[in-house]
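A.B. asks: Next up, input.csv (CSV, C-alpha atoms).
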chain,number,residue,atom,x,y,z
A,1,MET,CA,-29.1,-15.4,24.6
A,2,LYS,CA,-27.6,-15.7,21.2
A,3,PHE,CA,-29.3,-14.8,17.9
A,4,PHE,CA,-28.3,-15.7,14.3
A,5,ARG,CA,-29.8,-15.6,10.9
A,6,ALA,CA,-29.8,-18.0,8.0
A,7,VAL,CA,-31.2,-18.1,4.4
A,8,LYS,CA,-33.2,-20.9,2.8
A,9,GLY,CA,-35.1,-20.7,-0.5
A,10,GLY,CA,-34.3,-17.0,-0.7
A,11,GLU,CA,-36.0,-16.3,2.7
A,12,VAL,CA,-34.1,-15.0,5.7
A,13,SER,CA,-35.0,-16.4,9.1
A,14,THR,CA,-33.8,-15.4,12.5
A,15,PHE,CA,-33.1,-17.9,15.2
A,16,LEU,CA,-32.7,-17.9,19.0
A,17,LEU,CA,-30.0,-20.2,20.4
A,18,ASP,CA,-30.7,-21.0,24.0
A,19,GLY,CA,-28.1,-23.4,25.3
A,20,THR,CA,-28.2,-26.1,22.7
A,21,GLN,CA,-31.8,-25.6,21.7
A,22,VAL,CA,-32.6,-23.6,18.5
A,23,TYR,CA,-35.9,-21.8,18.0
A,24,PHE,CA,-37.3,-19.7,15.2
A,25,LEU,CA,-37.7,-16.1,16.3
A,26,LYS,CA,-41.0,-14.4,15.7
A,27,GLY,CA,-40.4,-10.9,14.4
A,28,ASP,CA,-37.4,-8.7,13.9
A,29,VAL,CA,-34.1,-9.4,15.9
A,30,VAL,CA,-33.8,-5.7,16.8
A,31,ARG,CA,-37.3,-5.6,18.2
A,32,ALA,CA,-36.5,-8.8,20.1
A,33,LEU,CA,-33.4,-7.2,21.7
A,34,LEU,CA,-35.5,-4.1,22.6
A,35,ASP,CA,-38.6,-5.8,24.0
A,36,GLY,CA,-37.6,-9.4,24.6
A,37,PRO,CA,-37.8,-12.4,22.2
A,38,SER,CA,-40.9,-14.1,21.1
A,39,ARG,CA,-40.0,-17.8,20.5
A,40,GLY,CA,-41.5,-19.7,17.6
A,41,GLU,CA,-41.3,-23.5,17.1
A,42,GLU,CA,-38.1,-25.4,17.7
A,43,ALA,CA,-35.8,-25.5,14.7
A,44,ALA,CA,-33.9,-28.7,13.7
A,45,ILE,CA,-30.6,-27.1,12.8
A,46,ASP,CA,-27.2,-28.4,13.6
A,47,VAL,CA,-25.6,-25.1,14.6
A,48,ASN,CA,-22.0,-26.5,14.8
A,49,SER,CA,-22.2,-27.8,11.2
A,50,LEU,CA,-23.8,-24.6,10.0
A,51,LEU,CA,-20.9,-22.6,11.5
A,52,ALA,CA,-18.2,-25.0,10.3
A,53,ARG,CA,-19.4,-25.1,6.6
A,54,GLY,CA,-21.5,-22.0,6.3
A,55,GLU,CA,-24.5,-24.1,5.3
A,56,TRP,CA,-26.5,-27.1,6.5
A,57,GLY,CA,-29.7,-28.8,5.4
A,58,GLY,CA,-30.4,-26.1,2.8
A,59,TRP,CA,-29.8,-23.3,5.3
A,60,LYS,CA,-26.9,-20.8,4.6
A,61,ILE,CA,-25.7,-18.6,7.4
A,62,THR,CA,-25.7,-14.8,6.9
A,63,LYS,CA,-25.0,-11.7,9.0
A,64,PRO,CA,-27.1,-11.7,12.2
A,65,LEU,CA,-28.8,-8.4,11.4
A,66,ASP,CA,-29.0,-5.7,8.8
A,67,PRO,CA,-27.7,-2.7,10.7
A,68,PRO,CA,-29.2,0.5,9.4
A,69,GLU,CA,-25.9,2.2,10.2
A,70,VAL,CA,-22.5,1.1,11.2
A,71,TRP,CA,-20.1,3.4,13.0
A,72,GLY,CA,-16.5,2.9,14.0
A,73,ALA,CA,-14.2,4.1,16.7
A,74,GLY,CA,-10.5,4.5,16.1
A,75,ILE,CA,-7.4,4.6,18.3
A,76,SER,CA,-9.2,2.9,21.2
A,77,TYR,CA,-6.1,0.9,22.1
A,78,GLU,CA,-2.5,2.0,22.6
A,79,ALA,CA,-1.4,-0.7,20.2
A,80,ALA,CA,-3.3,1.0,17.4
A,81,ARG,CA,-1.9,4.4,18.2
A,82,GLY,CA,1.6,3.1,18.1
A,83,ARG,CA,1.3,1.1,14.9
A,84,TYR,CA,-0.5,3.8,13.0
A,85,THR,CA,2.1,6.4,14.1
A,86,GLU,CA,4.8,4.3,12.4
A,87,ASP,CA,3.2,4.9,9.0
A,88,VAL,CA,3.4,8.7,9.4
A,89,LYS,CA,6.8,10.1,8.2
A,90,ASP,CA,6.7,13.4,10.2
A,91,LYS,CA,8.4,13.3,13.5
A,92,GLY,CA,6.9,14.5,16.8
A,93,MET,CA,3.2,14.5,17.7
A,94,THR,CA,1.1,12.8,15.0
A,95,ILE,CA,-2.7,12.9,14.5
A,96,TYR,CA,-2.9,9.4,16.0
A,97,ASP,CA,-1.0,10.5,19.1
A,98,MET,CA,-3.2,13.6,19.4
A,99,VAL,CA,-6.5,11.7,19.2
A,100,TYR,CA,-5.3,9.0,21.6
A,101,ASN,CA,-4.7,11.6,24.2
A,102,ALA,CA,-7.6,13.9,23.4
A,103,GLU,CA,-10.9,14.0,25.2
A,104,ARG,CA,-12.9,13.5,22.0
A,105,PRO,CA,-12.6,10.0,20.5
A,106,GLU,CA,-12.4,9.3,16.8
A,107,ILE,CA,-15.8,8.3,15.5
A,108,PHE,CA,-16.5,7.7,11.8
A,109,PHE,CA,-19.2,6.3,9.6
A,110,LYS,CA,-18.3,2.8,8.5
A,111,ALA,CA,-21.0,1.0,6.6
A,112,THR,CA,-24.7,0.3,5.7
A,113,ALA,CA,-26.3,-3.1,5.7
A,114,ASN,CA,-25.6,-3.7,2.0
A,115,ARG,CA,-21.8,-3.1,2.6
A,116,CYS,CA,-21.8,-5.7,5.4
A,117,VAL,CA,-21.2,-9.5,5.1
A,118,GLY,CA,-21.6,-12.3,7.6
A,119,HIS,CA,-19.8,-15.4,8.7
A,120,MET,CA,-18.4,-17.5,5.7
A,121,GLU,CA,-19.2,-14.6,3.3
A,122,PRO,CA,-16.4,-12.8,1.5
A,123,ILE,CA,-14.8,-9.6,2.7
A,124,ARG,CA,-13.1,-7.5,0.0
A,125,VAL,CA,-9.9,-5.7,-0.8
A,126,ARG,CA,-10.5,-2.6,-2.8
A,127,SER,CA,-9.5,-2.8,-6.4
A,128,ASP,CA,-7.2,0.3,-5.9
A,129,SER,CA,-5.6,-0.9,-2.7
A,130,SER,CA,-2.4,-2.9,-2.4
A,131,TRP,CA,-2.3,-3.0,1.5
A,132,THR,CA,-5.6,-3.9,3.2
A,133,LEU,CA,-5.8,-5.3,6.7
A,134,PRO,CA,-8.5,-6.9,8.9
A,135,GLU,CA,-9.3,-5.1,12.1
A,136,PRO,CA,-10.9,-7.4,14.7
A,137,GLU,CA,-13.2,-5.5,17.0
A,138,LEU,CA,-15.9,-5.8,19.6
A,139,GLY,CA,-19.1,-4.7,18.1
A,140,VAL,CA,-22.1,-3.3,20.1
A,141,VAL,CA,-25.6,-3.1,18.8
A,142,LEU,CA,-27.3,0.0,20.2
A,143,SER,CA,-30.8,1.3,20.7
A,144,SER,CA,-31.7,4.8,19.5
A,145,SER,CA,-31.0,6.0,23.0
A,146,GLY,CA,-27.5,4.5,23.0
A,147,ARG,CA,-28.3,1.5,25.2
A,148,PRO,CA,-26.2,-1.6,24.4
A,149,LEU,CA,-28.5,-4.4,23.2
A,150,ALA,CA,-26.1,-7.0,22.1
A,151,PHE,CA,-22.4,-7.7,21.3
A,152,THR,CA,-20.9,-9.3,18.2
A,153,VAL,CA,-17.7,-9.8,16.3
A,154,VAL,CA,-16.8,-7.2,13.7
A,155,ASP,CA,-14.1,-7.0,11.2
A,156,ASP,CA,-13.5,-3.3,10.2
A,157,VAL,CA,-11.6,-4.1,7.0
A,158,SER,CA,-9.5,-1.1,6.0
A,159,ALA,CA,-7.3,-0.1,3.1
A,160,ARG,CA,-4.4,1.0,5.1
A,161,ASP,CA,-2.3,2.3,2.2
A,162,ILE,CA,-5.1,4.7,1.2
A,163,GLU,CA,-5.6,6.0,4.8
A,164,SER,CA,-1.9,6.4,5.4
A,165,GLU,CA,-1.5,8.4,2.2
A,166,ASN,CA,-3.7,11.1,3.5
A,167,PRO,CA,-6.1,11.2,6.5
A,168,LEU,CA,-8.8,12.9,4.3
A,169,TYR,CA,-9.0,9.6,2.4
A,170,LEU,CA,-10.3,7.8,5.5
A,171,PRO,CA,-13.9,7.3,4.1
A,172,GLN,CA,-12.4,5.6,1.0
A,173,SER,CA,-10.2,3.4,3.2
A,174,LYS,CA,-13.2,2.4,5.3
A,175,ILE,CA,-16.4,2.5,3.3
A,176,TYR,CA,-16.9,0.1,0.4
A,177,ALA,CA,-18.6,-3.1,-0.5
A,178,GLY,CA,-17.5,-6.0,1.7
A,179,SER,CA,-15.6,-3.7,4.1
A,180,CYS,CA,-17.4,-4.9,7.3
A,181,ALA,CA,-18.0,-8.4,8.5
A,182,VAL,CA,-20.5,-9.0,11.3
A,183,GLY,CA,-21.3,-12.1,13.4
A,184,PRO,CA,-21.9,-15.0,13.4
A,185,PHE,CA,-24.0,-14.2,16.6
A,186,LEU,CA,-25.6,-11.4,18.4
A,187,VAL,CA,-25.1,-12.1,22.1
A,188,THR,CA,-27.1,-10.3,24.8
A,189,PRO,CA,-25.2,-8.4,27.6
A,190,ASP,CA,-26.4,-10.8,30.3
A,191,GLU,CA,-24.6,-13.7,28.6
A,192,VAL,CA,-21.4,-11.6,27.9
A,193,GLY,CA,-21.0,-10.2,31.4
A,194,ASP,CA,-18.0,-7.9,31.6
A,195,PRO,CA,-17.2,-6.6,28.1
A,196,TYR,CA,-13.7,-5.5,29.2
A,197,SER,CA,-12.4,-9.0,29.9
A,198,LEU,CA,-12.8,-10.6,26.4
A,199,GLU,CA,-9.8,-12.2,24.6
A,200,VAL,CA,-9.6,-11.3,21.0
A,201,ASN,CA,-7.7,-13.4,18.5
A,202,LEU,CA,-6.9,-12.9,14.8
A,203,ARG,CA,-5.5,-15.4,12.3
A,204,ILE,CA,-4.9,-14.9,8.6
A,205,LEU,CA,-4.6,-18.1,6.6
A,206,ARG,CA,-3.1,-18.4,3.1
A,207,GLY,CA,-3.3,-21.7,1.4
A,208,GLY,CA,-4.3,-23.3,4.7
A,209,LYS,CA,-1.1,-22.0,6.4
A,210,GLU,CA,-1.1,-19.3,9.1
A,211,VAL,CA,0.7,-16.1,7.8
A,212,PHE,CA,-0.3,-13.9,10.8
A,213,SER,CA,-1.7,-14.3,14.3
A,214,GLY,CA,-2.3,-11.7,17.0
A,215,ARG,CA,-4.2,-11.3,20.2
A,216,THR,CA,-5.3,-8.7,22.6
A,217,ASN,CA,-7.9,-8.3,25.3
A,218,THR,CA,-10.7,-5.7,25.6
A,219,SER,CA,-9.3,-4.9,29.1
A,220,ARG,CA,-6.7,-2.8,27.1
A,221,MET,CA,-9.4,-0.6,25.6
A,222,ARG,CA,-8.7,2.9,26.6
A,223,ARG,CA,-11.8,4.4,25.1
A,224,ARG,CA,-14.7,2.7,26.9
A,225,ILE,CA,-18.0,1.9,25.3
A,226,ASP,CA,-20.0,4.4,27.1
A,227,GLU,CA,-17.6,7.2,26.2
A,228,GLN,CA,-17.7,6.2,22.5
A,229,VAL,CA,-21.5,6.0,22.6
A,230,LYS,CA,-21.7,9.5,24.3
A,231,TYR,CA,-19.9,11.1,21.4
A,232,LEU,CA,-21.6,9.0,18.7
A,233,THR,CA,-25.0,10.1,19.8
A,234,ARG,CA,-24.2,13.7,20.6
A,235,ASP,CA,-26.3,15.8,18.2
A,236,ASN,CA,-26.5,12.7,16.0
A,237,PRO,CA,-29.7,10.7,16.2
A,238,VAL,CA,-29.1,7.0,15.5
A,239,PRO,CA,-31.8,4.4,14.7
A,240,ASP,CA,-32.4,1.2,16.8
A,241,GLY,CA,-30.1,-1.5,15.7
A,242,THR,CA,-27.1,0.8,15.0
A,243,LEU,CA,-23.8,-1.1,15.2
A,244,LEU,CA,-20.8,0.5,16.8
A,245,SER,CA,-17.4,-1.1,16.2
A,246,THR,CA,-15.3,-0.1,19.2
A,247,GLY,CA,-11.7,-0.1,17.7
A,248,THR,CA,-8.9,-2.6,17.2
A,249,GLY,CA,-6.0,-3.6,19.4
A,250,ILE,CA,-4.4,-5.8,16.7
A,251,VAL,CA,-2.8,-4.0,13.8
A,252,PRO,CA,-0.4,-6.0,11.7
A,253,GLY,CA,2.7,-4.3,10.2
A,254,ARG,CA,3.7,-3.5,6.6
A,255,ASP,CA,4.8,-7.1,6.0
A,256,VAL,CA,1.2,-8.3,6.2
A,257,ASP,CA,-1.6,-7.7,3.7
A,258,LEU,CA,-4.8,-9.4,2.6
A,259,ARG,CA,-4.8,-11.2,-0.7
A,260,GLU,CA,-7.5,-12.9,-2.7
A,261,GLY,CA,-7.9,-16.4,-1.5
A,262,ASP,CA,-6.9,-15.7,2.1
A,263,VAL,CA,-9.1,-16.6,5.0
A,264,VAL,CA,-9.6,-14.4,8.1
A,265,GLU,CA,-10.5,-15.9,11.4
A,266,ILE,CA,-11.5,-13.7,14.3
A,267,THR,CA,-12.5,-15.2,17.7
A,268,ILE,CA,-13.8,-13.2,20.7
A,269,ASP,CA,-14.6,-14.8,24.0
A,270,LYS,CA,-18.3,-15.6,24.4
A,271,LEU,CA,-19.1,-14.2,20.9
A,272,GLY,CA,-17.8,-17.0,18.7
A,273,THR,CA,-15.5,-17.3,15.7
A,274,GLN,CA,-16.1,-15.3,12.5
A,275,VAL,CA,-14.5,-16.8,9.3
A,276,THR,CA,-14.4,-14.9,6.1
A,277,PRO,CA,-12.7,-15.6,2.8
A,278,VAL,CA,-11.0,-12.7,1.0
A,279,VAL,CA,-11.7,-11.5,-2.6
A,280,LYS,CA,-10.4,-8.6,-4.6
A,281,GLY,CA,-12.7,-5.9,-5.8
A,282,LYS,CA,-13.2,-5.4,-9.5
A,283,GLY,CA,-13.4,-1.7,-9.6
The structure given in the file should be rewritten as structure tokens.
C.D. replies:
Amino acid sequence: MKFFRAVKGGEVSTFLLDGTQVYFLKGDVVRALLDGPSRGEEAAIDVNSLLARGEWGGWKITKPLDPPEVWGAGISYEAARGRYTEDVKDKGMTIYDMVYNAERPEIFFKATANRCVGHMEPIRVRSDSSWTLPEPELGVVLSSSGRPLAFTVVDDVSARDIESENPLYLPQSKIYAGSCAVGPFLVTPDEVGDPYSLEVNLRILRGGKEVFSGRTNTSRMRRRIDEQVKYLTRDNPVPDGTLLSTGTGIVPGRDVDLREGDVVEITIDKLGTQVTPVVKGKG
């Protein structure tokens, strides 16, 4: 099953997409993922038009849940280890090499609900960053016990210049308004099947023209979801609905950056396409 949310008249409603039929969802989406959904009446919504334009019939799509916490995992793919290492001037073993080969994965706090945006809502470049990149990632919605409840598309937007200046600046690189895009759907595990066989595609458009494209597959993920969850929840209670972003395998080089007016498109098999415009923060 797929879930999405939309706003009309200032009120947020959650919907269940079952094949081509759309139903209002009774109750909270996290509770529906935990206990099973309670369907309401059928909703006359053209989902394809809603996704294409971001709004339809007075409805405006928004993020599919308000995650109480968002956590990220880093250096989950070899491509990320290699690209990040290029930004470190010292020779020999870097911190990225070390964490890639270590038993303990990199887990970091990423966002709260008010820092997240949804499909067709703007992600942000920090006002003090000149090199910010999207990071397309497989997101997993978790129960408080660490059980995967649903999958979604996540953009772990990161100020790479700030992070590469000093690893202690990682929170400022990762955590700010508009730094995390989620959706458009939450998709249940039964519909996704094997989470390690999903194609991930990234496009950056500027003035309607493609300035970057990249792809990877979750089969290349070295740090598996259960391993990441084990360390996330170790001595660290998380609430139901916590979102874990599992790391990126697409890291553009220094010749690519996000600018105001760009559009980011992220597509993950079975999860849909997330489209977000880019704006610059105002400080």
A.B. asks: Counting only C-alpha atoms, what is within 7 Å of segment 269-276 of chain A, bar same-chain residues fewer than 5 positions away, as a PyMOL selection string?
C.D. replies: chain A and resi 119-123+152-153+183-185+187+192+198-200+263-264
A.B. asks: So, with all atoms listed in the file as the atoms that count, which of A:Leu202, A:Ala6, A:Leu16, A:Val117 lies closest to Leu186 of chain A?
C.D. replies: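 Selected residue with least distance to Leu186 of chain A: A:Leu16.
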A.B. asks: Pick out the residues sitting within 12 Å of Ser130 of chain A, and hand them over as a list of chain:residue names; count all atoms listed in the file, and ignore anything fewer than 3 positions along from it in its own chain.
C.D. replies: A:Arg124, A:Val125, A:Arg126, A:Ser127, A:Leu133, A:Ser158, A:Ala159, A:Arg160, A:Asp161, A:Ile162, A:Glu163, A:Ser173, A:Arg254, A:Asp255, A:Val256, A:Asp257, A:Leu258, A:Arg259, A:Glu260, A:Lys280, A:Gly281
A.B. asks: Can you tell me how far atom CA of Gly118 of chain A sits from atom CA of Lys209 of chain A, in Å to one decimal?
C.D. replies: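 Atom CA of Lys209 of chain A lies at a distance of 22.7 Å from atom CA of Gly118 of chain A.
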A.B. asks: Between A:Asn236, A:Ser76, A:Thr14, A:Asn48, single out the one closest to Ile250 of chain A, counting all atoms listed in the file.
C.D. replies: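 The closest residue to Ile250 of chain A is A:Ser76.
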A.B. asks: A:Gln172, A:Thr132, A:Asp190, A:Thr233: which is nearest Gly253 of chain A, counting all atoms listed in the file?
C.D. replies: A:Thr132
A.B. asks: Set the distance at 8 Å and use only C-alpha atoms: which residues neighbour Ala111 of chain A once local chain neighbours fewer than 5 positions away are removed? I'd like the list as a list in words.
C.D. replies: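 The contact residues come out as Glu69, Val70, Trp71, Cys116, Ile175, Tyr176, Ser179 and Cys180 of chain A.
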A.B. asks: Store the residues picked out above, limited to C-alpha atoms, as a PDB file, in the coordinates of the input.
C.D. replies:
ATOM      1  CA  GLU A  69     -25.900   2.200  10.200  1.00  0.00           C
ATOM      2  CA  VAL A  70     -22.500   1.100  11.200  1.00  0.00           C
ATOM      3  CA  TRP A  71     -20.100   3.400  13.000  1.00  0.00           C
ATOM      4  CA  CYS A 116     -21.800  -5.700   5.400  1.00  0.00           C
ATOM      5  CA  ILE A 175     -16.400   2.500   3.300  1.00  0.00           C
ATOM      6  CA  TYR A 176     -16.900   0.100   0.400  1.00  0.00           C
ATOM      7  CA  SER A 179     -15.600  -3.700   4.100  1.00  0.00           C
ATOM      8  CA  CYS A 180     -17.400  -4.900   7.300  1.00  0.00           C
TER       9      CYS A 180
END
A.B. asks: Between atom CA of Ile45 of chain A and atom CA of Thr20 of chain A, what is the distance in Å, rounded to a tenth?
C.D. replies: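 Interatomic distance, atom CA of Ile45 of chain A to atom CA of Thr20 of chain A: 10.2 Å.
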A.B. asks: Looking at all atoms listed in the file, which of A:Thr216, A:Ile204, A:Gln228, A:Ala177 is the one that sits closest to Gly261 of chain A?
C.D. replies: A:Ile204
A.B. asks: Counting only C-alpha atoms, which of A:Leu149, A:Val251, A:Leu25, A:Val12 gets nearest to Arg39 of chain A?
C.D. replies: A:Leu25
A.B. asks: Restricting the calculation to only C-alpha atoms: of A:Phe212, A:Met221, A:Pro67, A:Leu17, which residue gets closest to Ala44 of chain A?
C.D. replies: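 When distances to Ala44 of chain A are compared using only C-alpha atoms, the smallest one comes from A:Leu17.
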A.B. asks: Enter the distance from atom CA of Lys63 of chain A to atom CA of Phe3 of chain A, in Å, rounded to one decimal.
C.D. replies: 10.4 Å
A.B. asks: Any idea what's packed within 7 Å of Glu41 of chain A, counting all atoms listed in the file, ignoring anything in its chain fewer than 2 positions away? Could you give it as a list in words?
C.D. replies: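 Within the cut-off, the hits are Tyr23, Phe24, Arg39 and Ala43 of chain A.
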A.B. asks: With N, CA and C atoms retained, output segment 117-140 of chain A as a PDB file, in the first residue's frame.
C.D. replies:
ATOM      1  N   VAL A 117      10.527  19.004   4.174  1.00  0.00           N
ATOM      2  CA  VAL A 117       9.575  19.431   3.156  1.00  0.00           C
ATOM      3  C   VAL A 117       9.129  18.201   2.375  1.00  0.00           C
ATOM      4  N   GLY A 118       8.096  18.390   1.547  1.00  0.00           N
ATOM      5  CA  GLY A 118       7.579  17.300   0.750  1.00  0.00           C
ATOM      6  C   GLY A 118       7.760  17.537  -0.735  1.00  0.00           C
ATOM      7  N   HIS A 119       7.206  16.651  -1.516  1.00  0.00           N
ATOM      8  CA  HIS A 119       7.211  16.733  -2.979  1.00  0.00           C
ATOM      9  C   HIS A 119       6.654  18.087  -3.424  1.00  0.00           C
ATOM     10  N   MET A 120       7.366  18.751  -4.317  1.00  0.00           N
ATOM     11  CA  MET A 120       7.006  20.043  -4.900  1.00  0.00           C
ATOM     12  C   MET A 120       7.133  21.202  -3.912  1.00  0.00           C
ATOM     13  N   GLU A 121       7.725  20.943  -2.750  1.00  0.00           N
ATOM     14  CA  GLU A 121       8.013  22.011  -1.791  1.00  0.00           C
ATOM     15  C   GLU A 121       9.515  22.308  -1.832  1.00  0.00           C
ATOM     16  N   PRO A 122       9.947  23.544  -1.535  1.00  0.00           N
ATOM     17  CA  PRO A 122      11.345  23.917  -1.760  1.00  0.00           C
ATOM     18  C   PRO A 122      12.317  23.392  -0.711  1.00  0.00           C
ATOM     19  N   ILE A 123      13.419  22.793  -1.188  1.00  0.00           N
ATOM     20  CA  ILE A 123      14.573  22.537  -0.337  1.00  0.00           C
ATOM     21  C   ILE A 123      15.432  23.809  -0.327  1.00  0.00           C
ATOM     22  N   ARG A 124      16.366  23.884   0.616  1.00  0.00           N
ATOM     23  CA  ARG A 124      17.125  25.127   0.780  1.00  0.00           C
ATOM     24  C   ARG A 124      18.636  24.905   0.749  1.00  0.00           C
ATOM     25  N   VAL A 125      19.298  25.915   0.230  1.00  0.00           N
ATOM     26  CA  VAL A 125      20.747  26.061   0.369  1.00  0.00           C
ATOM     27  C   VAL A 125      20.970  27.024   1.522  1.00  0.00           C
ATOM     28  N   ARG A 126      21.788  26.651   2.463  1.00  0.00           N
ATOM     29  CA  ARG A 126      22.085  27.561   3.580  1.00  0.00           C
ATOM     30  C   ARG A 126      22.598  28.898   3.066  1.00  0.00           C
ATOM     31  N   SER A 127      22.269  29.952   3.798  1.00  0.00           N
ATOM     32  CA  SER A 127      22.710  31.283   3.387  1.00  0.00           C
ATOM     33  C   SER A 127      24.222  31.423   3.424  1.00  0.00           C
ATOM     34  N   ASP A 128      24.916  30.596   4.241  1.00  0.00           N
ATOM     35  CA  ASP A 128      26.371  30.696   4.360  1.00  0.00           C
ATOM     36  C   ASP A 128      27.094  29.564   3.627  1.00  0.00           C
ATOM     37  N   SER A 129      26.407  28.907   2.693  1.00  0.00           N
ATOM     38  CA  SER A 129      27.030  27.827   1.921  1.00  0.00           C
ATOM     39  C   SER A 129      27.112  28.204   0.448  1.00  0.00           C
ATOM     40  N   SER A 130      28.236  27.875  -0.153  1.00  0.00           N
ATOM     41  CA  SER A 130      28.406  28.100  -1.596  1.00  0.00           C
ATOM     42  C   SER A 130      28.501  26.783  -2.359  1.00  0.00           C
ATOM     43  N   TRP A 131      28.445  25.651  -1.630  1.00  0.00           N
ATOM     44  CA  TRP A 131      28.510  24.343  -2.303  1.00  0.00           C
ATOM     45  C   TRP A 131      27.626  23.350  -1.549  1.00  0.00           C
ATOM     46  N   THR A 132      26.369  23.329  -1.950  1.00  0.00           N
ATOM     47  CA  THR A 132      25.381  22.431  -1.354  1.00  0.00           C
ATOM     48  C   THR A 132      24.933  21.422  -2.397  1.00  0.00           C
ATOM     49  N   LEU A 133      24.746  20.186  -1.969  1.00  0.00           N
ATOM     50  CA  LEU A 133      24.376  19.111  -2.886  1.00  0.00           C
ATOM     51  C   LEU A 133      23.166  18.343  -2.372  1.00  0.00           C
ATOM     52  N   PRO A 134      22.375  17.794  -3.284  1.00  0.00           N
ATOM     53  CA  PRO A 134      21.349  16.829  -2.876  1.00  0.00           C
ATOM     54  C   PRO A 134      21.996  15.472  -2.629  1.00  0.00           C
ATOM     55  N   GLU A 135      21.399  14.693  -1.750  1.00  0.00           N
ATOM     56  CA  GLU A 135      21.857  13.327  -1.525  1.00  0.00           C
ATOM     57  C   GLU A 135      20.639  12.405  -1.561  1.00  0.00           C
ATOM     58  N   PRO A 136      20.395  11.754  -2.700  1.00  0.00           N
ATOM     59  CA  PRO A 136      19.232  10.877  -2.834  1.00  0.00           C
ATOM     60  C   PRO A 136      19.419   9.595  -2.036  1.00  0.00           C
ATOM     61  N   GLU A 137      18.430   9.275  -1.197  1.00  0.00           N
ATOM     62  CA  GLU A 137      18.596   8.146  -0.292  1.00  0.00           C
ATOM     63  C   GLU A 137      17.278   7.390  -0.097  1.00  0.00           C
ATOM     64  N   LEU A 138      17.413   6.119   0.182  1.00  0.00           N
ATOM     65  CA  LEU A 138      16.287   5.294   0.589  1.00  0.00           C
ATOM     66  C   LEU A 138      15.983   5.597   2.048  1.00  0.00           C
ATOM     67  N   GLY A 139      14.742   6.023   2.319  1.00  0.00           N
ATOM     68  CA  GLY A 139      14.323   6.304   3.683  1.00  0.00           C
ATOM     69  C   GLY A 139      13.477   5.176   4.227  1.00  0.00           C
ATOM     70  N   VAL A 140      13.620   4.899   5.534  1.00  0.00           N
ATOM     71  CA  VAL A 140      12.866   3.842   6.197  1.00  0.00           C
ATOM     72  C   VAL A 140      12.160   4.439   7.410  1.00  0.00           C
TER      73      VAL A 140
END
